[in-house]
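K.L.:
Structure file query-v9.cif (mmCIF, C-alpha atoms) is given on the next line.
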data_model
loop_
_atom_site.label_atom_id
_atom_site.label_comp_id
_atom_site.auth_asym_id
_atom_site.auth_seq_id
_atom_site.Cartn_x
_atom_site.Cartn_y
_atom_site.Cartn_z
CA MET A 1 22.05 -6.14 1.16
CA ASN A 2 19.10 -6.27 -1.16
CA ILE A 3 18.00 -2.93 -2.58
CA LEU A 4 14.54 -2.66 -4.14
CA PHE A 5 12.93 0.02 -6.31
CA PHE A 6 9.23 0.37 -7.03
CA ALA A 7 6.77 2.07 -9.39
CA ARG A 8 7.98 5.27 -11.12
CA LEU A 9 11.41 4.92 -9.53
CA ARG A 10 11.72 1.36 -10.87
CA GLU A 11 10.94 2.67 -14.37
CA GLN A 12 13.30 5.64 -14.10
CA LEU A 13 16.17 3.38 -13.01
CA ASN A 14 15.17 0.55 -15.34
CA THR A 15 15.70 -2.02 -12.59
CA ASP A 16 13.66 -3.39 -9.70
CA GLN A 17 16.48 -4.62 -7.46
CA GLU A 18 20.13 -5.25 -6.90
CA SER A 19 22.21 -7.10 -4.32
CA TRP A 20 25.33 -5.84 -2.58
CA HIS A 21 27.55 -8.59 -1.16
CA LYS A 22 29.88 -6.31 0.78
CA LEU A 23 29.52 -2.81 2.12
CA GLN A 24 32.17 -0.14 1.91
CA ASP A 25 31.70 3.09 3.90
CA ILE A 26 28.03 2.27 4.45
CA ASN A 27 26.52 2.94 7.85
CA THR A 28 23.15 4.51 7.05
CA VAL A 29 20.60 4.70 4.24
CA GLU A 30 22.12 8.09 3.33
CA ASP A 31 25.38 6.31 2.50
CA VAL A 32 23.52 3.85 0.24
CA LEU A 33 21.82 6.77 -1.53
CA ARG A 34 25.14 8.58 -1.95
CA GLN A 35 26.79 5.54 -3.56
CA LEU A 36 23.84 4.97 -5.90
CA GLN A 37 23.78 8.65 -6.91
CA ALA A 38 27.53 8.62 -7.56
CA ARG A 39 26.71 6.55 -10.67
CA GLY A 40 25.36 9.71 -12.31
CA GLU A 41 22.13 9.81 -14.30
CA PRO A 42 19.46 8.51 -14.09
CA TRP A 43 20.33 7.64 -10.47
CA LEU A 44 21.30 11.17 -9.49
CA SER A 45 17.97 12.82 -10.37
CA ALA A 46 15.64 9.91 -9.67
CA LEU A 47 16.90 9.51 -6.09
CA ASN A 48 17.14 13.26 -5.48
CA ASN A 49 13.47 13.53 -4.54
CA PRO A 50 12.38 14.91 -1.16
CA LYS A 51 9.17 12.84 -1.40
CA LEU A 52 11.08 9.56 -1.77
CA ILE A 53 10.06 6.98 0.84
CA ILE A 54 12.68 4.70 2.36
CA SER A 55 12.09 1.39 4.10
CA VAL A 56 14.53 -0.92 5.87
CA ASN A 57 13.33 -4.49 6.44
CA GLN A 58 9.86 -3.40 5.35
CA GLU A 59 9.48 -0.57 7.88
CA VAL A 60 9.43 3.06 6.77
CA VAL A 61 12.49 4.92 8.12
CA SER A 62 14.32 8.20 7.65
CA ALA A 63 17.57 8.54 5.68
CA ASN A 64 19.77 8.51 8.79
CA HIS A 65 18.57 4.98 9.70
CA PRO A 66 21.47 2.52 10.16
CA VAL A 67 21.87 -0.40 7.72
CA THR A 68 23.86 -3.63 7.64
CA LEU A 69 24.71 -6.24 5.01
CA THR A 70 21.70 -8.43 5.82
CA ASP A 71 19.12 -5.63 5.45
CA GLU A 72 16.46 -5.23 2.78
CA VAL A 73 16.40 -1.58 1.77
CA ALA A 74 13.70 -0.17 -0.52
CA PHE A 75 13.12 3.18 -2.20
CA PHE A 76 9.72 4.19 -3.56
CA PRO A 77 7.44 7.14 -4.36
CA PRO A 78 4.49 8.12 -2.14
CA VAL A 79 1.92 5.30 -2.17
CA THR A 80 -1.32 5.51 -4.18
CA GLY A 81 -3.30 2.32 -3.55
CA GLY A 82 -6.93 1.76 -2.70
CA MET B 1 -11.65 -17.75 9.04
CA PRO B 2 -9.16 -17.96 6.13
CA GLU B 3 -6.39 -15.35 5.55
CA MET B 4 -7.52 -11.85 6.54
CA VAL B 5 -5.27 -10.09 4.03
CA LEU B 6 -5.16 -11.06 0.36
CA ILE B 7 -3.20 -9.41 -2.44
CA GLN B 8 -4.24 -10.97 -5.71
CA THR B 9 -4.71 -10.40 -9.43
CA ALA B 10 -8.05 -12.27 -9.40
CA ASP B 11 -11.39 -10.59 -8.80
CA PHE B 12 -13.27 -11.15 -5.52
CA SER B 13 -16.88 -11.86 -4.61
CA VAL B 14 -18.37 -9.41 -2.12
CA GLU B 15 -21.17 -11.91 -1.45
CA GLN B 16 -18.68 -14.65 -0.57
CA GLU B 17 -16.69 -12.32 1.70
CA TYR B 18 -19.90 -11.13 3.35
CA GLN B 19 -21.01 -14.71 4.05
CA GLN B 20 -17.62 -15.53 5.60
CA LEU B 21 -17.86 -12.51 7.90
CA ARG B 22 -21.49 -13.35 8.63
CA ASN B 23 -20.71 -16.93 9.65
CA ALA B 24 -17.46 -16.34 11.54
CA ASN B 25 -18.93 -15.38 14.93
CA PRO B 26 -22.36 -17.00 15.24
CA GLY B 27 -24.72 -15.38 17.69
CA THR B 28 -22.60 -12.31 18.40
CA THR B 29 -22.36 -10.55 15.05
CA GLY B 30 -24.78 -7.63 14.90
CA ALA B 31 -23.21 -5.57 12.13
CA ILE B 32 -21.15 -6.02 8.98
CA CYS B 33 -19.77 -3.03 7.14
CA SER B 34 -17.90 -3.29 3.86
CA PHE B 35 -16.25 -0.95 1.38
CA VAL B 36 -15.41 -1.67 -2.27
CA GLY B 37 -13.20 0.60 -4.40
CA LEU B 38 -13.62 0.51 -8.20
CA VAL B 39 -11.67 1.77 -11.24
CA ARG B 40 -13.21 5.06 -12.51
CA GLU B 41 -12.94 6.42 -16.04
CA PHE B 42 -11.55 9.70 -14.68
CA GLY B 43 -8.63 10.16 -12.31
CA ASP B 44 -5.72 12.58 -12.55
CA ARG B 45 -6.76 12.72 -16.24
CA PRO B 46 -10.01 12.08 -18.16
CA ASP B 47 -10.64 9.05 -20.41
CA ILE B 48 -8.92 6.44 -18.28
CA GLN B 49 -9.10 2.98 -19.85
CA GLY B 50 -7.63 1.10 -16.93
CA MET B 51 -5.05 0.92 -14.19
CA PHE B 52 -1.85 -0.94 -13.51
CA LEU B 53 -1.33 -1.69 -9.82
CA GLU B 54 1.99 -2.59 -8.25
CA HIS B 55 2.84 -3.52 -4.64
CA TYR B 56 5.77 -4.41 -2.41
CA PRO B 57 5.30 -8.14 -1.70
CA GLY B 58 5.78 -8.82 1.99
CA MET B 59 5.70 -5.23 3.22
CA THR B 60 2.20 -4.62 1.87
CA GLU B 61 0.74 -7.65 3.67
CA LYS B 62 2.59 -6.74 6.87
CA CYS B 63 1.24 -3.19 6.73
CA LEU B 64 -2.36 -4.35 6.20
CA TYR B 65 -2.20 -6.89 9.05
CA LYS B 66 -0.88 -4.06 11.25
CA LEU B 67 -3.82 -1.82 10.27
CA ILE B 68 -6.26 -4.61 11.18
CA GLU B 69 -4.52 -5.06 14.55
CA GLN B 70 -4.65 -1.30 15.19
CA ALA B 71 -8.36 -1.24 14.34
CA LYS B 72 -8.92 -4.10 16.79
CA THR B 73 -7.29 -2.10 19.59
CA LYS B 74 -9.45 0.95 18.84
CA TRP B 75 -12.86 -0.67 18.30
CA ASN B 76 -14.68 -3.74 19.46
CA ILE B 77 -14.69 -5.70 16.21
CA HIS B 78 -14.87 -9.43 15.51
CA GLN B 79 -13.28 -9.79 12.08
CA ALA B 80 -11.63 -7.54 9.53
CA LYS B 81 -10.67 -8.56 6.02
CA VAL B 82 -8.78 -6.71 3.30
CA ILE B 83 -8.46 -7.81 -0.33
CA HIS B 84 -6.48 -5.67 -2.78
CA ARG B 85 -6.00 -6.51 -6.43
CA VAL B 86 -2.78 -5.88 -8.38
CA GLY B 87 -1.86 -6.06 -12.06
CA THR B 88 -3.90 -4.63 -14.90
CA LEU B 89 -7.50 -3.62 -14.19
CA HIS B 90 -10.14 -2.00 -16.39
CA VAL B 91 -12.79 0.67 -15.84
CA ASP B 92 -15.52 -0.58 -13.45
CA ASP B 93 -13.32 -3.42 -12.13
CA GLN B 94 -13.16 -3.93 -8.37
CA ILE B 95 -9.84 -2.86 -6.82
CA VAL B 96 -10.16 -3.20 -3.07
CA PHE B 97 -12.44 -4.77 -0.44
CA VAL B 98 -12.53 -3.97 3.26
CA GLY B 99 -15.06 -5.83 5.41
CA VAL B 100 -15.53 -5.59 9.16
CA SER B 101 -17.90 -7.42 11.51
CA SER B 102 -18.83 -6.39 15.05
CA ALA B 103 -21.59 -6.63 17.63
CA HIS B 104 -22.72 -3.01 17.09
CA ARG B 105 -22.72 -0.93 13.94
CA ALA B 106 -20.64 2.02 15.19
CA ASP B 107 -17.53 -0.17 15.58
CA ALA B 108 -17.90 -1.76 12.13
CA PHE B 109 -18.48 1.60 10.39
CA ALA B 110 -15.53 3.30 12.10
CA ALA B 111 -13.06 0.41 11.75
CA CYS B 112 -13.89 -0.06 8.06
CA GLU B 113 -13.27 3.63 7.31
CA TYR B 114 -10.12 3.69 9.45
CA ILE B 115 -8.57 0.69 7.68
CA MET B 116 -9.39 2.16 4.26
CA ASP B 117 -8.02 5.63 5.16
CA TYR B 118 -4.73 4.18 6.39
CA LEU B 119 -4.50 1.74 3.47
CA LYS B 120 -4.56 4.76 1.13
CA THR B 121 -1.65 6.55 2.84
CA ASP B 122 0.47 3.75 4.34
CA ALA B 123 0.18 0.51 2.35
CA PRO B 124 2.81 0.23 -0.39
CA PHE B 125 0.67 0.09 -3.52
CA TRP B 126 1.16 2.25 -6.61
CA LYS B 127 -1.34 2.96 -9.38
CA LYS B 128 -0.62 3.86 -12.96
CA GLU B 129 -3.46 5.21 -15.08
CA LEU B 130 -3.69 3.81 -18.59
CA SER B 131 -5.26 5.94 -21.34
CA ALA B 132 -5.03 6.38 -25.12
CA ASP B 133 -2.40 9.12 -24.46
CA GLY B 134 -0.15 6.66 -22.65
CA SER B 135 0.31 5.72 -19.03
CA LEU B 136 0.98 7.94 -16.03
CA TRP B 137 1.74 7.15 -12.37
CA VAL B 138 -0.95 8.55 -10.08
CA GLU B 139 0.17 11.34 -7.71
CA ALA B 140 -0.41 10.92 -3.97
CA LYS B 141 -3.25 13.18 -2.79
CA ALA B 142 -3.11 15.68 0.09
CA SER B 143 -6.81 14.92 0.66
CA ASP B 144 -5.92 11.31 1.54
CA GLN B 145 -3.36 12.50 4.13
CA ALA B 146 -6.03 14.85 5.53
CA ARG B 147 -8.53 11.98 5.89
CA LYS B 148 -5.98 9.94 7.80
CA HIS B 149 -5.17 12.83 10.15
CA LYS B 150 -8.79 13.25 11.20
CA TRP B 151 -8.32 10.01 13.24
CA PRO B 152 -7.10 10.62 16.81
CA SER B 153 -3.46 9.59 17.30
CA ALA B 154 -2.83 9.51 13.55
CA ARG B 155 0.90 9.20 12.89
#
What would the structure in this file look like if it were written as structure tokens?
P.N.:
Amino acid sequence: MNILFFARLREQLNTDQESWHKLQDINTVEDVLRQLQARGEPWLSALNNPKLIISVNQEVVSANHPVTLTDEVAFFPPVTGG
Amino acid sequence: MPEMVLIQTADFSVEQEYQQLRNANPGTTGAICSFVGLVREFGDRPDIQGMFLEHYPGMTEKCLYKLIEQAKTKWNIHQAKVIHRVGTLHVDDQIVFVGVSSAHRADAFAACEYIMDYLKTDAPFWKKELSADGSLWVEAKASDQARKHKWPSAR
């Protein structure tokens, strides 16, 4: 599973992506978030944002969306282009 | 016509884009409407020197193609093109181009505004304002959501 971070979130976490080669106790995006936040700061605060947008395979989804090992999951702040 | 969605660091020529739209459907094009967004010197803060623009490669293009397809189902348009720049831009630089051609002006006007309104709220781009005081990510605006929701069947 590839996990991507963009914009302010990318800066807060000081990384733009990571790859997970096996999944343990991961069924939904919520489980991914929980494992990332278990690392403590800055993950805990940066990902604890009700405005955070989640996408799976480049489609916006809610946190209860299912995920598998081959998915591309991304977390980002509200968009501000144009 | 070449690619209808371009994400690029390079500037674009409105004249060149206009001529492509103009020549794409000979005999049946009665209207071309275009929008260009520029970098202002004021944003969330005064004295902006420039912008840094980031996007989600792949998802951004997919989203913009989807907006063009949606516009084509709503209005009778011939062509629609979107160009969005990324990277570092300065005050007065061009950021975004939306151009639409159609037989009649109402379709081109509406589709151009629709694509731009949805680009603002749905396409994964992020802007950071650069000023002498440092840089700051731009906050999403409620007014942009409101503009999108004026369209019937807005999600």
K.L.:
Could you list, with a cut-off of 8 Å and counting all atoms listed in the file, the residues of chain A near chain B, each shown with its nearest atom pair and the distance in Å rounded to one decimal, rows sorted by chain and ascending number, as CSV?
P.N.:
residue,atom,partner,partner_atom,distance
A:Phe6,CA,B:Tyr56,CA,7.5
A:Ala7,CA,B:Trp126,CA,6.3
A:Arg8,CA,B:Trp137,CA,6.6
A:Gln58,CA,B:Met59,CA,5.0
A:Glu59,CA,B:Met59,CA,7.6
A:Pro78,CA,B:Ala140,CA,5.9
A:Val79,CA,B:Trp126,CA,5.4
A:Thr80,CA,B:Trp126,CA,4.8
A:Gly81,CA,B:Phe125,CA,4.6
A:Gly82,CA,B:Lys120,CA,5.4
K.L.:
On this file, the PyMOL selection byres ((chain A and resi 47) around 9) gives some set of residues; write that set as a ChimeraX atom specification.
P.N.:
/A:9,33,36-37,42-46,48-50,52,75
K.L.:
Please enumerate the residues selected by the PyMOL selection byres ((chain A and resi 66) around 8) when evaluated against the supplied file, formatted as a ChimeraX atom specification.
P.N.:
/A:27-29,64-65,67-68
K.L.:
Do a neighbour search on Phe5 of chain A at 9 Å with only C-alpha atoms, toss out local chain neighbours closer than 6 positions, and write the hits as a ChimeraX atom specification.
P.N.:
/A:11,13,15-18,73-76
K.L.:
Please list, as a ChimeraX atom specification, the residues that have an atom at most 7 Å away from (15.7, -4.1, -0.3) in the coordinates of this file, counting all atoms listed in the file.
P.N.:
/A:1-4,71-74
K.L.:
Care to translate the PyMOL selection byres ((chain B and resi 48) around 8) into actual residues of this file, as a PDB file with C-alpha atoms, in the frame of the given file?
P.N.:
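Ended up saving to result_39.pdb:
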ATOM      1  CA  ARG B  40     -13.210   5.060 -12.510  1.00  0.00           C
ATOM      2  CA  GLU B  41     -12.940   6.420 -16.040  1.00  0.00           C
ATOM      3  CA  PHE B  42     -11.550   9.700 -14.680  1.00  0.00           C
ATOM      4  CA  GLY B  43      -8.630  10.160 -12.310  1.00  0.00           C
ATOM      5  CA  ARG B  45      -6.760  12.720 -16.240  1.00  0.00           C
ATOM      6  CA  PRO B  46     -10.010  12.080 -18.160  1.00  0.00           C
ATOM      7  CA  ASP B  47     -10.640   9.050 -20.410  1.00  0.00           C
ATOM      8  CA  GLN B  49      -9.100   2.980 -19.850  1.00  0.00           C
ATOM      9  CA  GLY B  50      -7.630   1.100 -16.930  1.00  0.00           C
ATOM     10  CA  MET B  51      -5.050   0.920 -14.190  1.00  0.00           C
ATOM     11  CA  VAL B  91     -12.790   0.670 -15.840  1.00  0.00           C
ATOM     12  CA  GLU B 129      -3.460   5.210 -15.080  1.00  0.00           C
ATOM     13  CA  LEU B 130      -3.690   3.810 -18.590  1.00  0.00           C
ATOM     14  CA  SER B 131      -5.260   5.940 -21.340  1.00  0.00           C
ATOM     15  CA  ALA B 132      -5.030   6.380 -25.120  1.00  0.00           C
TER      16      ALA B 132
END
K.L.:
Looking at all atoms listed in the file, which of B:Gly99, B:Ile115, B:Ser135, B:Thr88 is the one that sits closest to Phe52 of chain B?
P.N.:
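The answer is B:Thr88, which sits nearest to Phe52 of chain B.
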K.L.:
Report, in Å to a single decimal, how far apart atom CA of Asp93 of chain B and atom CA of Cys112 of chain B are.
P.N.:
20.5 Å
K.L.:
Quick one, how far is atom CA of Ile68 of chain B from atom CA of Ser153 of chain B?
P.N.:
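Those two atoms sit 15.7 Å apart.
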K.L.:
Tell me, as a list in words, which residues lie within 9 Å of Cys33 of chain B, counting only C-alpha atoms; anything in the same chain fewer than 3 positions away does not count.
P.N.:
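Answer for this query is Tyr18, Val98, Gly99, Val100, Ser101, Ser102, Arg105, Ala108, Phe109, Ala111 and Cys112 of chain B.
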K.L.:
Calculate how many Å separate atom CA of Thr73 of chain B from atom CA of Val61 of chain A, rounding to one decimal.
P.N.:
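If I compute the distance from atom CA of Thr73 of chain B to atom CA of Val61 of chain A, I get 23.9 Å.
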K.L.:
Box for segment 89-95 of chain B - axis-aligned, 8 Å on each of the six sides, all listed atoms - centre and size in Å to one decimal, as JSON.
P.N.:
{"center_x": -11.5, "center_y": -1.6, "center_z": -11.6, "size_x": 24.0, "size_y": 20.6, "size_z": 25.6}
K.L.:
Complete segment 50-64 of chain A with N, CA and C atoms (output as a PDB file, in the frame of the given file).
P.N.:
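Result went into result-v6.pdb, see below:
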ATOM      1  N   PRO A  50      12.705  14.781  -2.596  1.00  0.00           N
ATOM      2  CA  PRO A  50      12.380  14.910  -1.160  1.00  0.00           C
ATOM      3  C   PRO A  50      11.172  14.066  -0.749  1.00  0.00           C
ATOM      4  N   LYS A  51      10.356  13.651  -1.738  1.00  0.00           N
ATOM      5  CA  LYS A  51       9.170  12.840  -1.400  1.00  0.00           C
ATOM      6  C   LYS A  51       9.475  11.344  -1.349  1.00  0.00           C
ATOM      7  N   LEU A  52      10.688  10.974  -1.747  1.00  0.00           N
ATOM      8  CA  LEU A  52      11.080   9.560  -1.770  1.00  0.00           C
ATOM      9  C   LEU A  52      10.851   8.906  -0.416  1.00  0.00           C
ATOM     10  N   ILE A  53      10.261   7.715  -0.412  1.00  0.00           N
ATOM     11  CA  ILE A  53      10.060   6.980   0.840  1.00  0.00           C
ATOM     12  C   ILE A  53      11.101   5.872   0.925  1.00  0.00           C
ATOM     13  N   ILE A  54      11.631   5.689   2.133  1.00  0.00           N
ATOM     14  CA  ILE A  54      12.680   4.700   2.360  1.00  0.00           C
ATOM     15  C   ILE A  54      12.148   3.671   3.357  1.00  0.00           C
ATOM     16  N   SER A  55      12.389   2.383   3.071  1.00  0.00           N
ATOM     17  CA  SER A  55      12.090   1.390   4.100  1.00  0.00           C
ATOM     18  C   SER A  55      13.326   0.508   4.303  1.00  0.00           C
ATOM     19  N   VAL A  56      13.498   0.065   5.535  1.00  0.00           N
ATOM     20  CA  VAL A  56      14.530  -0.920   5.870  1.00  0.00           C
ATOM     21  C   VAL A  56      13.814  -2.083   6.529  1.00  0.00           C
ATOM     22  N   ASN A  57      14.020  -3.276   5.957  1.00  0.00           N
ATOM     23  CA  ASN A  57      13.330  -4.490   6.440  1.00  0.00           C
ATOM     24  C   ASN A  57      11.834  -4.262   6.555  1.00  0.00           C
ATOM     25  N   GLN A  58      11.304  -3.573   5.529  1.00  0.00           N
ATOM     26  CA  GLN A  58       9.860  -3.400   5.350  1.00  0.00           C
ATOM     27  C   GLN A  58       9.208  -2.496   6.384  1.00  0.00           C
ATOM     28  N   GLU A  59      10.014  -1.629   7.008  1.00  0.00           N
ATOM     29  CA  GLU A  59       9.480  -0.570   7.880  1.00  0.00           C
ATOM     30  C   GLU A  59       9.970   0.764   7.342  1.00  0.00           C
ATOM     31  N   VAL A  60       9.052   1.739   7.266  1.00  0.00           N
ATOM     32  CA  VAL A  60       9.430   3.060   6.770  1.00  0.00           C
ATOM     33  C   VAL A  60      10.376   3.735   7.775  1.00  0.00           C
ATOM     34  N   VAL A  61      11.475   4.280   7.259  1.00  0.00           N
ATOM     35  CA  VAL A  61      12.490   4.920   8.120  1.00  0.00           C
ATOM     36  C   VAL A  61      12.929   6.242   7.491  1.00  0.00           C
ATOM     37  N   SER A  62      13.736   6.993   8.234  1.00  0.00           N
ATOM     38  CA  SER A  62      14.320   8.200   7.650  1.00  0.00           C
ATOM     39  C   SER A  62      15.724   7.864   7.145  1.00  0.00           C
ATOM     40  N   ALA A  63      16.309   8.814   6.393  1.00  0.00           N
ATOM     41  CA  ALA A  63      17.570   8.540   5.680  1.00  0.00           C
ATOM     42  C   ALA A  63      18.741   8.280   6.619  1.00  0.00           C
ATOM     43  N   ASN A  64      18.643   8.729   7.865  1.00  0.00           N
ATOM     44  CA  ASN A  64      19.770   8.510   8.790  1.00  0.00           C
ATOM     45  C   ASN A  64      19.682   7.155   9.507  1.00  0.00           C
TER      46      ASN A  64
END
